[in-house]
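File shown here: query_21.csv, holding CSV, C-alpha atoms.
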```csv
chain,number,residue,atom,x,y,z
A,1,MET,CA,12.8,128.9,44.5
A,2,GLN,CA,12.0,127.8,48.1
A,3,LYS,CA,13.5,129.8,51.0
A,4,THR,CA,15.3,127.8,53.6
A,5,LYS,CA,14.4,128.6,57.1
A,6,THR,CA,17.3,129.8,59.1
A,7,PRO,CA,17.6,127.7,62.3
A,8,MET,CA,17.1,129.7,65.5
A,9,ASN,CA,19.2,129.5,68.5
A,10,PRO,CA,17.4,127.1,70.9
A,11,ASP,CA,17.7,129.6,73.7
A,12,THR,CA,16.1,132.2,71.5
A,13,GLU,CA,13.3,129.8,70.6
A,14,ARG,CA,12.5,129.1,74.2
A,15,SER,CA,12.7,132.7,75.2
A,16,ALA,CA,10.3,133.6,72.4
A,17,LEU,CA,7.5,132.2,74.6
A,18,ASN,CA,8.5,134.0,77.8
A,19,THR,CA,5.9,136.7,78.2
A,20,PRO,CA,7.3,139.4,80.6
A,21,THR,CA,5.7,139.4,84.0
A,22,ASP,CA,6.6,140.9,87.4
A,23,LEU,CA,5.7,137.6,89.1
A,24,GLU,CA,8.6,135.4,90.2
A,25,LYS,CA,9.4,132.5,87.7
A,26,GLN,CA,8.8,129.9,90.4
A,27,SER,CA,5.4,131.4,91.1
A,28,THR,CA,4.4,131.4,87.5
A,29,MET,CA,5.5,127.8,87.1
A,30,LYS,CA,3.3,126.8,90.2
A,31,ILE,CA,0.3,128.7,88.9
A,32,ALA,CA,0.7,127.5,85.4
A,33,ALA,CA,0.8,123.9,86.5
A,34,GLU,CA,-2.5,124.3,88.3
A,35,ILE,CA,-4.2,126.2,85.5
A,36,ASN,CA,-3.0,123.7,82.9
A,37,LYS,CA,-4.7,120.9,84.9
A,38,LEU,CA,-7.9,123.1,84.9
A,39,VAL,CA,-7.6,123.4,81.1
A,40,ALA,CA,-7.3,119.6,80.8
A,41,ASP,CA,-10.3,119.2,83.2
A,42,ALA,CA,-12.4,121.7,81.2
A,43,LEU,CA,-11.7,120.0,77.9
A,44,ALA,CA,-12.5,116.6,79.3
A,45,LEU,CA,-15.6,117.8,81.1
A,46,TYR,CA,-16.7,119.6,77.9
A,47,LEU,CA,-16.4,116.4,75.9
A,48,LYS,CA,-18.1,114.3,78.6
A,49,THR,CA,-21.0,116.8,78.9
A,50,LYS,CA,-21.4,116.8,75.1
A,51,ASN,CA,-21.3,112.9,75.0
A,52,PHE,CA,-24.1,112.8,77.6
A,53,HIS,CA,-26.0,115.5,75.7
A,54,TRP,CA,-25.7,113.4,72.4
A,55,HIS,CA,-26.8,110.2,74.2
A,56,MET,CA,-29.6,111.6,76.3
A,57,SER,CA,-33.0,109.8,76.2
A,58,GLY,CA,-36.3,109.5,77.9
A,59,PRO,CA,-39.3,111.7,78.7
A,60,HIS,CA,-37.1,114.6,79.9
A,61,PHE,CA,-34.9,114.4,76.8
A,62,ARG,CA,-35.5,117.9,75.6
A,63,ASP,CA,-34.9,119.6,79.0
A,64,TYR,CA,-31.8,117.5,79.8
A,65,HIS,CA,-30.5,117.7,76.2
A,66,LEU,CA,-30.7,121.5,76.2
A,67,LEU,CA,-29.3,121.8,79.8
A,68,LEU,CA,-26.2,119.8,78.9
A,69,ASP,CA,-25.7,121.7,75.6
A,70,GLU,CA,-25.8,125.0,77.5
A,71,GLN,CA,-23.4,123.7,80.2
A,72,ALA,CA,-21.0,122.3,77.6
A,73,THR,CA,-20.9,125.6,75.8
A,74,GLN,CA,-20.1,127.4,79.1
A,75,ILE,CA,-17.4,124.9,80.0
A,76,TYR,CA,-15.8,125.2,76.6
A,77,ALA,CA,-15.8,129.0,76.9
A,78,ALA,CA,-13.5,128.7,79.9
A,79,VAL,CA,-10.8,126.9,78.0
A,80,ASP,CA,-9.3,129.7,76.0
A,81,PRO,CA,-9.1,132.3,78.8
A,82,LEU,CA,-7.5,129.8,81.1
A,83,ALA,CA,-4.9,128.7,78.5
A,84,GLU,CA,-4.2,132.3,77.6
A,85,ARG,CA,-3.7,133.2,81.2
A,86,VAL,CA,-0.9,130.5,81.4
A,87,ARG,CA,0.7,132.2,78.4
A,88,LYS,CA,0.4,135.6,80.0
A,89,LEU,CA,2.4,134.2,82.8
A,90,GLY,CA,5.2,133.3,80.4
A,91,GLN,CA,4.6,129.6,80.7
A,92,PRO,CA,3.6,126.9,78.1
A,93,THR,CA,0.1,125.5,78.0
A,94,LEU,CA,-1.2,122.2,76.7
A,95,ARG,CA,-0.1,121.0,73.3
A,96,SER,CA,-2.0,117.7,72.7
A,97,ILE,CA,-4.9,115.4,73.4
A,98,GLY,CA,-2.3,113.2,75.1
A,99,GLN,CA,-1.5,115.9,77.6
A,100,VAL,CA,-5.2,116.5,78.2
A,101,ALA,CA,-5.7,112.8,78.9
A,102,GLN,CA,-2.6,112.6,81.2
A,103,MET,CA,-3.5,115.7,83.2
A,104,SER,CA,-7.3,115.6,83.5
A,105,ARG,CA,-8.9,114.5,86.7
A,106,ILE,CA,-12.2,114.0,85.0
A,107,LYS,CA,-12.9,110.3,84.4
A,108,ASP,CA,-14.1,109.1,81.0
A,109,ASN,CA,-17.3,107.3,80.6
A,110,ASP,CA,-17.3,105.0,77.6
A,111,GLU,CA,-20.4,103.0,78.5
A,112,GLU,CA,-22.7,102.1,75.7
A,113,PHE,CA,-25.7,103.2,77.7
A,114,VAL,CA,-25.9,105.5,80.7
A,115,SER,CA,-29.3,106.4,82.1
A,116,PRO,CA,-30.3,110.1,82.3
A,117,TYR,CA,-30.2,109.9,86.1
A,118,ASP,CA,-26.7,108.5,86.1
A,119,MET,CA,-25.5,111.1,83.5
A,120,LEU,CA,-26.8,113.9,85.7
A,121,CYS,CA,-25.3,112.4,88.9
A,122,GLU,CA,-21.9,111.8,87.2
A,123,LEU,CA,-21.8,115.3,85.8
A,124,LEU,CA,-22.8,116.6,89.2
A,125,ASP,CA,-19.9,114.9,90.8
A,126,ASP,CA,-17.5,116.0,88.1
A,127,ASN,CA,-18.6,119.7,88.5
A,128,LYS,CA,-18.2,119.4,92.3
A,129,GLY,CA,-14.7,118.1,91.7
A,130,MET,CA,-14.0,120.9,89.2
A,131,ALA,CA,-15.2,123.5,91.9
A,132,GLU,CA,-12.7,121.9,94.4
A,133,SER,CA,-9.9,122.1,91.8
A,134,LEU,CA,-10.7,125.8,91.1
A,135,ARG,CA,-10.6,126.6,94.8
A,136,ASN,CA,-7.2,124.8,95.1
A,137,ALA,CA,-5.8,126.7,92.1
A,138,HIS,CA,-7.2,130.0,93.6
A,139,LYS,CA,-5.2,129.3,96.8
A,140,VAL,CA,-2.0,128.8,94.7
A,141,CYS,CA,-2.7,132.1,93.0
A,142,ASP,CA,-3.3,133.8,96.4
A,143,ASP,CA,-0.1,132.3,97.8
A,144,ASN,CA,1.8,133.7,94.8
A,145,GLU,CA,0.2,137.1,94.7
A,146,ASP,CA,-1.5,136.5,91.2
A,147,ILE,CA,-4.6,138.6,91.6
A,148,ALA,CA,-5.5,138.4,87.9
A,149,THR,CA,-5.6,134.6,87.6
A,150,ALA,CA,-7.4,134.4,91.0
A,151,SER,CA,-10.1,136.8,89.7
A,152,LEU,CA,-10.5,134.7,86.5
A,153,LEU,CA,-10.9,131.6,88.6
A,154,GLU,CA,-13.6,133.2,90.7
A,155,THR,CA,-15.8,133.7,87.6
A,156,PHE,CA,-15.3,130.1,86.6
A,157,LEU,CA,-16.0,128.9,90.1
A,158,ASP,CA,-19.3,130.7,90.2
A,159,GLU,CA,-20.3,129.2,86.8
A,160,THR,CA,-19.3,125.7,88.0
A,161,GLU,CA,-21.3,126.1,91.2
A,162,LYS,CA,-24.3,127.1,89.1
A,163,ARG,CA,-23.9,124.0,86.9
A,164,THR,CA,-23.7,121.9,90.0
A,165,TRP,CA,-26.9,123.4,91.4
A,166,PHE,CA,-28.8,122.9,88.1
A,167,LEU,CA,-27.6,119.3,87.8
A,168,PHE,CA,-28.6,118.6,91.4
A,169,GLU,CA,-32.1,120.0,90.8
A,170,ALA,CA,-32.5,118.1,87.5
A,171,ALA,CA,-31.3,114.8,89.1
A,172,ARG,CA,-33.9,115.2,91.9
A,173,GLY,CA,-36.6,115.1,89.2
A,174,ALA,CA,-35.1,112.0,87.5
A,175,GLY,CA,-35.9,108.6,89.0
A,176,PRO,CA,-33.0,106.2,89.7
A,177,GLY,CA,-34.4,104.2,86.7
A,178,GLY,CA,-33.2,107.0,84.6
A,179,HIS,CA,-36.4,108.9,83.7
```
Exercise: express the given structure as structure tokens:
Amino acid sequence: MQKTKTPMNPDTERSALNTPTDLEKQSTMKIAAEINKLVADALALYLKTKNFHWHMSGPHFRDYHLLLDEQATQIYAAVDPLAERVRKLGQPTLRSIGQVAQMSRIKDNDEEFVSPYDMLCELLDDNKGMAESLRNAHKVCDDNEDIATASLLETFLDETEKRTWFLFEAARGAGPGGH
């Protein structure tokens, strides 16, 4: 015999996700909105970096392929802590690929062929944009006295700046023709 699930009160269902915090509700909503955009950006940047990793070619293939794989792994590792931080604030995080596509500020690249040089330059720009978004989110955290989220963002900002640096240096070695 199958058990029938007893319907919950809608107010109870909503409140089941409200993690207690001493921060003001309006503050957590503002912070969560910024962090959710960062989660979307990280997922989009991860996939783009993996795409370029998979489609790398040329005489520097091995170096670039390994660099992008390492960077993709680092980007992906930021997703869960960011999303969990939103939940710690008592707010909902992303629920679908559609939300990621809607919220991400990272532009897709669906081209059939992208030269290694163009890949590196595009990821360089995307990581610079990610750094700017991290700084903006940090400001929102500071303005709303959320030290824990700000601290988390500082770590990811440092990692993003390192990726930017490595992409810049790698692109300097690649010719505009792609190799």
For this session: Skip segment 56-72 of chain A itself and residues of its chain fewer than 3 positions away, then list as a PyMOL selection string all residues within 7 Å of it, counting only C-alpha atoms.
Result: chain A and resi 46+49-50+52-53+75-76+116+163+179
Take the selection from the previous step and output its residues with C-alpha atoms, as a compact mmCIF listing (two decimals), keeping the file's coordinate frame.
```txt
# COMPACT_ATOMS: atom_id res chain seq x y z
CA TYR A 46 -16.70 119.60 77.90
CA THR A 49 -21.00 116.80 78.90
CA LYS A 50 -21.40 116.80 75.10
CA PHE A 52 -24.10 112.80 77.60
CA HIS A 53 -26.00 115.50 75.70
CA ILE A 75 -17.40 124.90 80.00
CA TYR A 76 -15.80 125.20 76.60
CA PRO A 116 -30.30 110.10 82.30
CA ARG A 163 -23.90 124.00 86.90
CA HIS A 179 -36.40 108.90 83.70
```
For this session: Would you mind telling me which residue in A:Gln91, A:Thr73, A:Thr155, A:Thr164 lies nearest to Asn127 of chain A when using all atoms listed in the file?
Result: A:Thr164
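Near Ala137 of chain A, within a cut-off of 10 Å and counting only C-alpha atoms, sit the residues Lys30, Ile31, Ala32, Ala33, Glu34, Ile35, Lys37, Leu38, Ala131, Glu132, Ser133, Leu134, Val140, Cys141, Asp142, Asp143, Thr149, Ala150 and Leu153 of chain A, with same-chain residues fewer than 3 positions away left out.
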Problem set entry | Top pick for closest residue to Arg85 of chain A, considering A:Ile106, A:Ala101, A:Val114, A:Ile147 and counting all atoms listed in the file | A:Ile147
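Comparing the minimum interatomic distances between Glu169 of chain A and each of A:Cys121, A:Asn144, A:Thr28, A:Ser151, counting all atoms listed in the file, we find that A:Cys121 sits nearest.
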Problem set entry | Of the listed residues A:Asp126, A:Asp146, A:Asp80, A:Glu111, that which approaches Ser27 of chain A most closely, counting only C-alpha atoms | A:Asp146
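Between atom CA of Leu23 of chain A and atom CA of Lys139 of chain A there is a distance of 15.7 Å.
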Exercise. Pick from A:Lys162, A:Asn136, A:Lys128, A:Val100: nearest to Leu47 of chain A, with all atoms listed in the file counted?
Worked result: A:Val100
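Taking atom CA of Asp158 of chain A and atom CA of Asp118 of chain A as endpoints, the distance between them is 23.8 Å.
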Exercise. What's the 12 Å shell around Pro20 of chain A, counting only C-alpha atoms, without same-chain residues fewer than 5 positions away, as a ChimeraX atom specification?
Worked result: /A:15,25,28,87-91
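Atom pair atom CA of Met130 of chain A / atom CA of Leu167 of chain A: separated by 13.8 Å.
Among A:Tyr117, A:Leu123, A:Arg95, A:Thr21, the residue with the shortest atom-to-atom distance to Ala40 of chain A, counting all atoms listed in the file, is A:Arg95.
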Excluding Asp108 of chain A and its own-chain neighbours fewer than 6 positions away, which residues fall within 9 Å of it when counting all atoms listed in the file? Please give them as a PDB file with C-alpha atoms, in the frame of the given file.
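Full text of selection_27.pdb as output:
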```
ATOM      1  CA  ALA A  44     -12.500 116.600  79.300  1.00  0.00           C
ATOM      2  CA  LEU A  45     -15.600 117.800  81.100  1.00  0.00           C
ATOM      3  CA  LYS A  48     -18.100 114.300  78.600  1.00  0.00           C
TER       4      LYS A  48
END
```
For this session: Tell me which protein, DNA and RNA residues are within 9 Å of Trp165 of chain A, counting only C-alpha atoms, leaving out same-chain ones fewer than 5 positions away, and put them as a PyMOL selection string.
Result: chain A and resi 124+160+170
